[in-house]
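What follows is the content of upload_39.txt, which has compact mmCIF, N, CA and C atoms:
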# COMPACT_ATOMS: atom_id res chain seq x y z
N MET A 778 80.94 -164.85 119.14
CA MET A 778 81.94 -165.27 118.18
C MET A 778 81.30 -165.93 116.96
N LYS A 779 80.22 -166.72 117.20
CA LYS A 779 79.54 -167.37 116.10
C LYS A 779 78.89 -166.34 115.18
N GLN A 780 78.40 -165.24 115.76
CA GLN A 780 77.77 -164.20 114.96
C GLN A 780 78.80 -163.52 114.06
N VAL A 781 79.98 -163.28 114.57
CA VAL A 781 81.05 -162.66 113.78
C VAL A 781 81.45 -163.58 112.64
N ALA A 782 81.61 -164.87 112.93
CA ALA A 782 81.98 -165.84 111.89
C ALA A 782 80.89 -165.93 110.83
N ALA A 783 79.63 -165.94 111.26
CA ALA A 783 78.52 -166.00 110.31
C ALA A 783 78.49 -164.74 109.44
N ALA A 784 78.70 -163.59 110.04
CA ALA A 784 78.72 -162.34 109.27
C ALA A 784 79.86 -162.33 108.27
N LEU A 785 81.02 -162.83 108.68
CA LEU A 785 82.17 -162.89 107.78
C LEU A 785 81.89 -163.80 106.60
N ILE A 786 81.26 -164.92 106.83
CA ILE A 786 80.92 -165.84 105.75
C ILE A 786 79.95 -165.18 104.78
N VAL A 787 78.95 -164.49 105.30
CA VAL A 787 77.98 -163.79 104.44
C VAL A 787 78.69 -162.75 103.58
N VAL A 788 79.57 -161.98 104.19
CA VAL A 788 80.31 -160.96 103.43
C VAL A 788 81.16 -161.60 102.35
N LEU A 789 81.86 -162.64 102.67
CA LEU A 789 82.73 -163.31 101.69
C LEU A 789 81.93 -163.91 100.55
N LEU A 790 80.75 -164.41 100.81
CA LEU A 790 79.92 -165.00 99.77
C LEU A 790 79.26 -163.96 98.88
N THR A 791 79.08 -162.75 99.36
CA THR A 791 78.39 -161.73 98.58
C THR A 791 79.33 -160.79 97.85
N VAL A 792 80.60 -160.87 98.12
CA VAL A 792 81.56 -160.00 97.45
C VAL A 792 81.79 -160.52 96.04
N ALA A 793 81.55 -159.68 95.05
CA ALA A 793 81.77 -160.07 93.66
C ALA A 793 83.25 -159.93 93.32
N PRO A 794 83.78 -160.81 92.49
CA PRO A 794 85.18 -160.69 92.10
C PRO A 794 85.40 -159.42 91.27
N ALA A 795 86.57 -158.84 91.42
CA ALA A 795 86.91 -157.64 90.65
C ALA A 795 87.01 -158.01 89.18
N ARG A 796 86.54 -157.13 88.33
CA ARG A 796 86.56 -157.38 86.90
C ARG A 796 87.41 -156.31 86.24
N ALA A 797 88.55 -156.68 85.77
CA ALA A 797 89.46 -155.73 85.14
C ALA A 797 89.00 -155.45 83.71
N THR A 798 89.14 -154.23 83.31
CA THR A 798 88.84 -153.83 81.93
C THR A 798 90.02 -153.03 81.40
N GLU A 799 90.16 -153.03 80.10
CA GLU A 799 91.24 -152.28 79.48
C GLU A 799 90.82 -151.84 78.09
N TRP A 800 91.22 -150.62 77.74
CA TRP A 800 90.90 -150.08 76.42
C TRP A 800 91.85 -150.63 75.36
N MET A 801 91.29 -151.02 74.23
CA MET A 801 92.05 -151.32 73.03
C MET A 801 91.74 -150.19 72.05
N ILE A 802 92.77 -149.51 71.58
CA ILE A 802 92.58 -148.37 70.68
C ILE A 802 93.23 -148.69 69.35
N CYS A 803 92.43 -148.63 68.28
CA CYS A 803 92.91 -148.92 66.93
C CYS A 803 92.73 -147.66 66.08
N SER A 804 93.78 -147.29 65.34
CA SER A 804 93.69 -146.10 64.50
C SER A 804 94.48 -146.28 63.23
N ASN A 805 94.12 -145.48 62.22
CA ASN A 805 94.87 -145.53 60.96
C ASN A 805 96.14 -144.70 61.08
N SER A 806 96.98 -144.77 60.08
CA SER A 806 98.29 -144.11 60.16
C SER A 806 98.20 -142.59 60.26
N GLY A 807 97.16 -141.99 59.73
CA GLY A 807 97.01 -140.55 59.81
C GLY A 807 96.17 -140.09 61.00
N ASN A 808 95.74 -141.04 61.84
CA ASN A 808 94.88 -140.74 62.98
C ASN A 808 93.61 -140.00 62.60
N THR A 809 93.08 -140.28 61.40
CA THR A 809 91.83 -139.66 60.97
C THR A 809 90.64 -140.57 61.23
N ALA A 810 90.91 -141.85 61.56
CA ALA A 810 89.85 -142.80 61.88
C ALA A 810 90.33 -143.67 63.03
N SER A 811 89.47 -143.86 64.03
CA SER A 811 89.86 -144.70 65.17
C SER A 811 88.64 -145.34 65.80
N ILE A 812 88.91 -146.45 66.49
CA ILE A 812 87.89 -147.11 67.29
C ILE A 812 88.54 -147.47 68.61
N SER A 813 87.85 -147.19 69.70
CA SER A 813 88.31 -147.53 71.04
C SER A 813 87.30 -148.50 71.63
N VAL A 814 87.78 -149.64 72.11
CA VAL A 814 86.90 -150.68 72.63
C VAL A 814 87.34 -151.02 74.05
N LEU A 815 86.42 -150.90 75.00
CA LEU A 815 86.70 -151.29 76.37
C LEU A 815 86.36 -152.76 76.52
N LEU A 816 87.40 -153.57 76.76
CA LEU A 816 87.23 -155.02 76.85
C LEU A 816 87.32 -155.48 78.29
N GLY A 817 86.42 -156.36 78.67
CA GLY A 817 86.46 -156.96 80.00
C GLY A 817 87.40 -158.14 80.00
N ALA A 818 88.01 -158.40 81.13
CA ALA A 818 88.93 -159.52 81.27
C ALA A 818 88.14 -160.77 81.63
N MET A 819 87.76 -161.53 80.61
CA MET A 819 86.99 -162.74 80.81
C MET A 819 87.53 -163.83 79.89
N ASN A 820 87.01 -165.03 80.03
CA ASN A 820 87.43 -166.12 79.16
C ASN A 820 86.83 -166.01 77.76
N VAL A 821 85.82 -165.17 77.61
CA VAL A 821 85.21 -164.90 76.31
C VAL A 821 85.31 -163.41 76.05
N ILE A 822 85.15 -162.99 74.80
CA ILE A 822 85.22 -161.56 74.49
C ILE A 822 84.05 -160.84 75.16
N ALA A 823 84.35 -159.78 75.86
CA ALA A 823 83.34 -158.98 76.56
C ALA A 823 83.55 -157.52 76.20
N VAL A 824 82.77 -157.02 75.27
CA VAL A 824 82.86 -155.63 74.82
C VAL A 824 81.96 -154.80 75.73
N ASN A 825 82.57 -153.89 76.50
CA ASN A 825 81.82 -153.08 77.45
C ASN A 825 81.43 -151.71 76.90
N ASP A 826 82.27 -151.11 76.09
CA ASP A 826 82.03 -149.76 75.61
C ASP A 826 82.76 -149.59 74.29
N ILE A 827 82.21 -148.77 73.40
CA ILE A 827 82.84 -148.52 72.09
C ILE A 827 82.74 -147.04 71.77
N LYS A 828 83.82 -146.49 71.24
CA LYS A 828 83.85 -145.12 70.75
C LYS A 828 84.52 -145.13 69.37
N ILE A 829 83.93 -144.44 68.41
CA ILE A 829 84.47 -144.37 67.05
C ILE A 829 84.60 -142.91 66.67
N GLU A 830 85.72 -142.57 66.03
CA GLU A 830 85.91 -141.22 65.51
C GLU A 830 86.39 -141.31 64.07
N VAL A 831 85.74 -140.55 63.20
CA VAL A 831 86.16 -140.41 61.80
C VAL A 831 86.10 -138.93 61.49
N GLY A 832 87.26 -138.30 61.28
CA GLY A 832 87.28 -136.85 61.09
C GLY A 832 86.68 -136.17 62.31
N ASN A 833 85.65 -135.35 62.08
CA ASN A 833 84.98 -134.65 63.18
C ASN A 833 83.75 -135.38 63.70
N LYS A 834 83.44 -136.55 63.12
CA LYS A 834 82.26 -137.31 63.53
C LYS A 834 82.61 -138.28 64.64
N GLN A 835 81.66 -138.44 65.58
CA GLN A 835 81.88 -139.34 66.71
C GLN A 835 80.64 -140.20 66.94
N TRP A 836 80.88 -141.45 67.29
CA TRP A 836 79.84 -142.40 67.68
C TRP A 836 80.26 -142.99 69.01
N SER A 837 79.27 -143.36 69.85
CA SER A 837 79.61 -143.93 71.14
C SER A 837 78.45 -144.74 71.69
N THR A 838 78.79 -145.76 72.49
CA THR A 838 77.76 -146.50 73.22
C THR A 838 77.33 -145.74 74.47
N THR A 839 78.04 -144.68 74.80
CA THR A 839 77.70 -143.84 75.95
C THR A 839 76.86 -142.66 75.49
N PRO A 840 75.62 -142.52 75.96
CA PRO A 840 74.78 -141.40 75.55
C PRO A 840 75.47 -140.05 75.80
N GLY A 841 75.34 -139.14 74.84
CA GLY A 841 75.89 -137.81 74.97
C GLY A 841 77.31 -137.65 74.47
N GLU A 842 77.93 -138.75 74.02
CA GLU A 842 79.31 -138.68 73.52
C GLU A 842 79.39 -138.87 72.01
N GLY A 843 78.35 -138.49 71.30
CA GLY A 843 78.31 -138.64 69.85
C GLY A 843 77.04 -139.39 69.45
N THR A 844 76.96 -139.77 68.18
CA THR A 844 75.81 -140.54 67.71
C THR A 844 75.77 -141.86 68.46
N LEU A 845 74.62 -142.20 69.00
CA LEU A 845 74.50 -143.39 69.84
C LEU A 845 74.58 -144.66 68.99
N ILE A 846 75.43 -145.59 69.43
CA ILE A 846 75.60 -146.89 68.78
C ILE A 846 75.41 -147.99 69.82
N THR A 847 75.32 -149.21 69.32
CA THR A 847 75.12 -150.37 70.19
C THR A 847 76.13 -151.45 69.83
N ARG A 848 76.56 -152.18 70.84
CA ARG A 848 77.42 -153.33 70.60
C ARG A 848 76.63 -154.36 69.81
N GLY A 849 77.17 -154.78 68.68
CA GLY A 849 76.54 -155.84 67.91
C GLY A 849 77.12 -157.16 68.34
N GLN A 850 77.64 -157.89 67.40
CA GLN A 850 78.25 -159.17 67.74
C GLN A 850 79.77 -159.04 67.80
N ALA A 851 80.39 -159.97 68.53
CA ALA A 851 81.85 -159.98 68.65
C ALA A 851 82.33 -161.42 68.70
N PHE A 852 83.51 -161.63 68.12
CA PHE A 852 84.12 -162.96 68.06
C PHE A 852 85.61 -162.81 68.30
N GLU A 853 86.20 -163.71 69.07
CA GLU A 853 87.64 -163.67 69.28
C GLU A 853 88.18 -165.10 69.33
N SER A 854 89.28 -165.31 68.62
CA SER A 854 90.02 -166.56 68.70
C SER A 854 91.45 -166.21 69.11
N ALA A 855 92.32 -167.18 69.10
CA ALA A 855 93.71 -166.93 69.48
C ALA A 855 94.39 -165.94 68.56
N ASP A 856 93.97 -165.87 67.30
CA ASP A 856 94.67 -164.99 66.35
C ASP A 856 93.77 -163.99 65.61
N GLN A 857 92.48 -163.92 65.95
CA GLN A 857 91.59 -162.97 65.29
C GLN A 857 90.59 -162.37 66.27
N MET A 858 90.10 -161.17 65.93
CA MET A 858 89.02 -160.53 66.67
C MET A 858 88.14 -159.81 65.66
N TRP A 859 86.84 -160.05 65.75
CA TRP A 859 85.86 -159.37 64.90
C TRP A 859 84.84 -158.71 65.81
N ILE A 860 84.57 -157.44 65.55
CA ILE A 860 83.55 -156.71 66.30
C ILE A 860 82.67 -155.96 65.31
N ASP A 861 81.35 -156.15 65.43
CA ASP A 861 80.39 -155.40 64.63
C ASP A 861 79.65 -154.44 65.55
N VAL A 862 79.45 -153.22 65.06
CA VAL A 862 78.77 -152.17 65.80
C VAL A 862 77.51 -151.80 65.02
N THR A 863 76.38 -151.67 65.74
CA THR A 863 75.13 -151.34 65.07
C THR A 863 74.63 -149.97 65.53
N ASP A 864 73.60 -149.50 64.82
CA ASP A 864 72.95 -148.27 65.25
C ASP A 864 72.18 -148.54 66.54
N LYS A 865 71.62 -147.50 67.13
CA LYS A 865 70.97 -147.64 68.44
C LYS A 865 69.77 -148.58 68.39
N ASP A 866 69.18 -148.76 67.21
CA ASP A 866 68.02 -149.63 67.07
C ASP A 866 68.39 -151.05 66.68
N VAL A 867 69.69 -151.33 66.55
CA VAL A 867 70.22 -152.63 66.15
C VAL A 867 69.64 -153.03 64.80
N ALA A 868 69.43 -152.05 63.93
CA ALA A 868 68.85 -152.31 62.61
C ALA A 868 69.89 -152.33 61.50
N ASN A 869 70.98 -151.57 61.66
CA ASN A 869 71.99 -151.45 60.61
C ASN A 869 73.39 -151.52 61.20
N ILE A 870 74.30 -152.09 60.43
CA ILE A 870 75.71 -152.12 60.82
C ILE A 870 76.29 -150.73 60.62
N VAL A 871 76.92 -150.18 61.65
CA VAL A 871 77.57 -148.88 61.57
C VAL A 871 79.06 -149.06 61.30
N ALA A 872 79.68 -150.07 61.93
CA ALA A 872 81.12 -150.28 61.74
C ALA A 872 81.46 -151.75 61.91
N ARG A 873 82.55 -152.13 61.22
CA ARG A 873 83.09 -153.49 61.33
C ARG A 873 84.58 -153.38 61.60
N LEU A 874 85.03 -154.02 62.67
CA LEU A 874 86.46 -154.09 63.00
C LEU A 874 86.89 -155.53 62.80
N ARG A 875 87.93 -155.74 61.99
CA ARG A 875 88.46 -157.08 61.72
C ARG A 875 89.95 -157.04 62.01
N LEU A 876 90.38 -157.80 63.01
CA LEU A 876 91.78 -157.76 63.45
C LEU A 876 92.43 -159.12 63.38
N PHE A 877 93.74 -159.11 63.14
CA PHE A 877 94.60 -160.27 63.31
C PHE A 877 95.55 -159.96 64.45
N LYS A 878 95.84 -160.99 65.28
CA LYS A 878 96.70 -160.82 66.44
C LYS A 878 97.86 -161.81 66.36
N ALA A 879 99.01 -161.39 66.85
CA ALA A 879 100.18 -162.28 66.87
C ALA A 879 100.98 -162.01 68.14
N THR A 880 101.50 -163.10 68.71
CA THR A 880 102.33 -163.01 69.90
C THR A 880 103.57 -163.87 69.70
N GLU A 881 104.71 -163.32 70.09
CA GLU A 881 105.97 -164.07 70.06
C GLU A 881 106.78 -163.61 71.25
N GLY A 882 106.96 -164.51 72.22
CA GLY A 882 107.67 -164.11 73.43
C GLY A 882 106.91 -163.01 74.14
N ASP A 883 107.59 -161.90 74.43
CA ASP A 883 106.95 -160.76 75.09
C ASP A 883 106.34 -159.77 74.10
N ASN A 884 106.48 -160.04 72.80
CA ASN A 884 105.99 -159.13 71.78
C ASN A 884 104.56 -159.48 71.37
N TYR A 885 103.74 -158.45 71.21
CA TYR A 885 102.34 -158.62 70.81
C TYR A 885 102.02 -157.58 69.75
N ALA A 886 101.29 -157.97 68.72
CA ALA A 886 100.88 -157.04 67.67
C ALA A 886 99.46 -157.37 67.24
N SER A 887 98.68 -156.33 66.93
CA SER A 887 97.35 -156.54 66.36
C SER A 887 97.06 -155.42 65.38
N GLY A 888 96.42 -155.79 64.31
CA GLY A 888 96.06 -154.81 63.28
C GLY A 888 95.09 -155.45 62.31
N GLY A 889 94.47 -154.61 61.51
CA GLY A 889 93.50 -155.11 60.55
C GLY A 889 92.79 -153.98 59.85
N THR A 890 91.47 -154.07 59.78
CA THR A 890 90.69 -153.05 59.08
C THR A 890 89.54 -152.55 59.93
N LEU A 891 89.20 -151.29 59.73
CA LEU A 891 88.03 -150.65 60.30
C LEU A 891 87.22 -150.11 59.14
N ALA A 892 85.97 -150.54 59.02
CA ALA A 892 85.07 -150.02 57.99
C ALA A 892 83.89 -149.36 58.69
N VAL A 893 83.62 -148.11 58.34
CA VAL A 893 82.49 -147.37 58.90
C VAL A 893 81.54 -147.04 57.76
N THR A 894 80.32 -147.53 57.85
CA THR A 894 79.33 -147.37 56.79
C THR A 894 79.15 -145.90 56.41
N GLY A 895 79.25 -145.62 55.12
CA GLY A 895 79.07 -144.27 54.61
C GLY A 895 80.27 -143.36 54.79
N GLU A 896 81.31 -143.83 55.45
CA GLU A 896 82.49 -143.00 55.72
C GLU A 896 83.75 -143.51 55.04
N GLY A 897 84.00 -144.83 55.07
CA GLY A 897 85.20 -145.37 54.45
C GLY A 897 85.73 -146.58 55.18
N ALA A 898 86.88 -147.04 54.70
CA ALA A 898 87.55 -148.19 55.32
C ALA A 898 89.03 -147.86 55.43
N TRP A 899 89.65 -148.34 56.51
CA TRP A 899 91.05 -148.01 56.79
C TRP A 899 91.79 -149.22 57.34
N ALA A 900 93.07 -149.28 57.05
CA ALA A 900 93.95 -150.22 57.74
C ALA A 900 94.26 -149.60 59.10
N VAL A 901 94.20 -150.40 60.17
CA VAL A 901 94.43 -149.88 61.51
C VAL A 901 95.45 -150.74 62.26
N ILE A 902 96.14 -150.09 63.19
CA ILE A 902 97.05 -150.76 64.12
C ILE A 902 96.50 -150.49 65.51
N CYS A 903 96.56 -151.50 66.38
CA CYS A 903 95.92 -151.40 67.69
C CYS A 903 96.92 -151.45 68.84
N ASP A 904 96.61 -150.72 69.90
CA ASP A 904 97.33 -150.77 71.16
C ASP A 904 96.34 -151.23 72.22
N GLY A 905 96.77 -152.08 73.10
CA GLY A 905 95.92 -152.56 74.16
C GLY A 905 95.86 -154.06 74.18
N PRO A 906 94.92 -154.57 74.95
CA PRO A 906 94.91 -156.03 75.20
C PRO A 906 94.77 -156.87 73.95
What is this file in structure tokens?
Amino acid sequence: MKQVAAALIVVLLTVAPARATEWMICSNSGNTASISVLLGAMNVIAVNDIKIEVGNKQWSTTPGEGTLITRGQAFESADQMWIDVTDKDVANIVARLRLFKATEGDNYASGGTLAVTGEGAWAVICDGP
């Protein structure tokens, strides 16, 4: 019985808590420019994956899904979120996402701007966390 209890304690201590993630997708009104950000559910902003599409061009933090990019810096407060995306060498900014967020009761809204170096800048509306 002591061995079973000891094994159970070991299992309980080694089990990592589940980490929920959810996609936030921001796009312009014509759906010609978009950024998708996989955010981890943490007390601080946790950017796990990024995908950007402008026209027929694609960038991604996942190899093989477009031009390779890297998560740069990210900042989130109660009413704003800023995410910078760099090239794979972390030498140049590829995109900047600047959002404002608002909540009232059960209603939530977020929107702002997406700027992609060499491509353009757009007003975007976001769905997701």
Helix (DSSP H, G or I) call set, DSSP backbone run, range 788-865 of chain A, as number ranges by chain: A: 788-791
File dump, residues just selected, N, CA and C atoms, as a CSV table (one decimal), in the frame of the given file:
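Generated file (selection25.csv):
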chain,number,residue,atom,x,y,z
A,788,VAL,N,79.6,-162.0,104.2
A,788,VAL,CA,80.3,-161.0,103.4
A,788,VAL,C,81.2,-161.6,102.4
A,789,LEU,N,81.9,-162.6,102.7
A,789,LEU,CA,82.7,-163.3,101.7
A,789,LEU,C,81.9,-163.9,100.6
A,790,LEU,N,80.8,-164.4,100.8
A,790,LEU,CA,79.9,-165.0,99.8
A,790,LEU,C,79.3,-164.0,98.9
A,791,THR,N,79.1,-162.8,99.4
A,791,THR,CA,78.4,-161.7,98.6
A,791,THR,C,79.3,-160.8,97.8
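Pairwise distance (atom N of Met801 in chain A, atom N of Gly905 in chain A) equals 5.7 Å.
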Shell around Val831 in chain A at 7 Å using only N, CA and C atoms, local window under 6 positions removed, as a PDB file with N, CA and C atoms, keeping the file's coordinate frame:
ATOM      1  N   THR A 809      93.080-140.280  61.400  1.00  0.00           N
ATOM      2  CA  THR A 809      91.830-139.660  60.970  1.00  0.00           C
ATOM      3  C   THR A 809      90.640-140.570  61.230  1.00  0.00           C
ATOM      4  N   ALA A 810      90.910-141.850  61.560  1.00  0.00           N
ATOM      5  CA  ALA A 810      89.850-142.800  61.880  1.00  0.00           C
ATOM      6  C   ALA A 810      90.330-143.670  63.030  1.00  0.00           C
ATOM      7  N   SER A 811      89.470-143.860  64.030  1.00  0.00           N
ATOM      8  CA  SER A 811      89.860-144.700  65.170  1.00  0.00           C
ATOM      9  C   SER A 811      88.640-145.340  65.800  1.00  0.00           C
TER      10      SER A 811
END
DSSP-assigned strand (DSSP E) members of range 844-906 of chain A, reported as a ChimeraX atom specification: /A:844-853,857-864,870-881,884-893,897-904
Option closest in space to Glu881 in chain A, from A:Asp856, A:Asn825, A:Ala851, A:Gly897 [counting only C-alpha atoms]: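 When distances to Glu881 in chain A are compared using only C-alpha atoms, the smallest one comes from A:Asp856.
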Given only N, CA and C atoms as the counted atoms, nearest of A:Thr863, A:Asn808, A:Ser887, A:Gly817 to Glu830 in chain A: A:Asn808
Surrounding residues of Trp859 in chain A excluding itself and chain neighbours under 5 positions, 7 Å, only N, CA and C atoms, as a ChimeraX atom specification: /A:850-854,873-876
Point-to-point distance in Å for atom C of Ile827 in chain A and atom N of Val814 in chain A: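 Interatomic distance, atom N of Val814 in chain A to atom C of Ile827 in chain A: 5.7 Å.
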Atom-to-atom span, CA of Ala818 in chain A and CA of Gly841 in chain A, Å: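 Interatomic distance, CA of Ala818 in chain A to CA of Gly841 in chain A: 26.1 Å.
Look at Ala886 in chain A: the protein and nucleic acid residues within 7 Å of it, using all atoms listed in the file and passing over chain neighbours fewer than 6 places away, are A:Phe877, A:Lys878, A:Ala879, A:Thr880, A:Cys903.
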Near-Trp836 in chain A list (9 Å; only C-alpha atoms; drop same-chain fewer than 6 positions) as a list in words: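 In the requested form, the answer reads Ile827, Lys828, Ile829, Glu830, Glu842, Gly843, Thr844, Leu845 and Ile846 of chain A.
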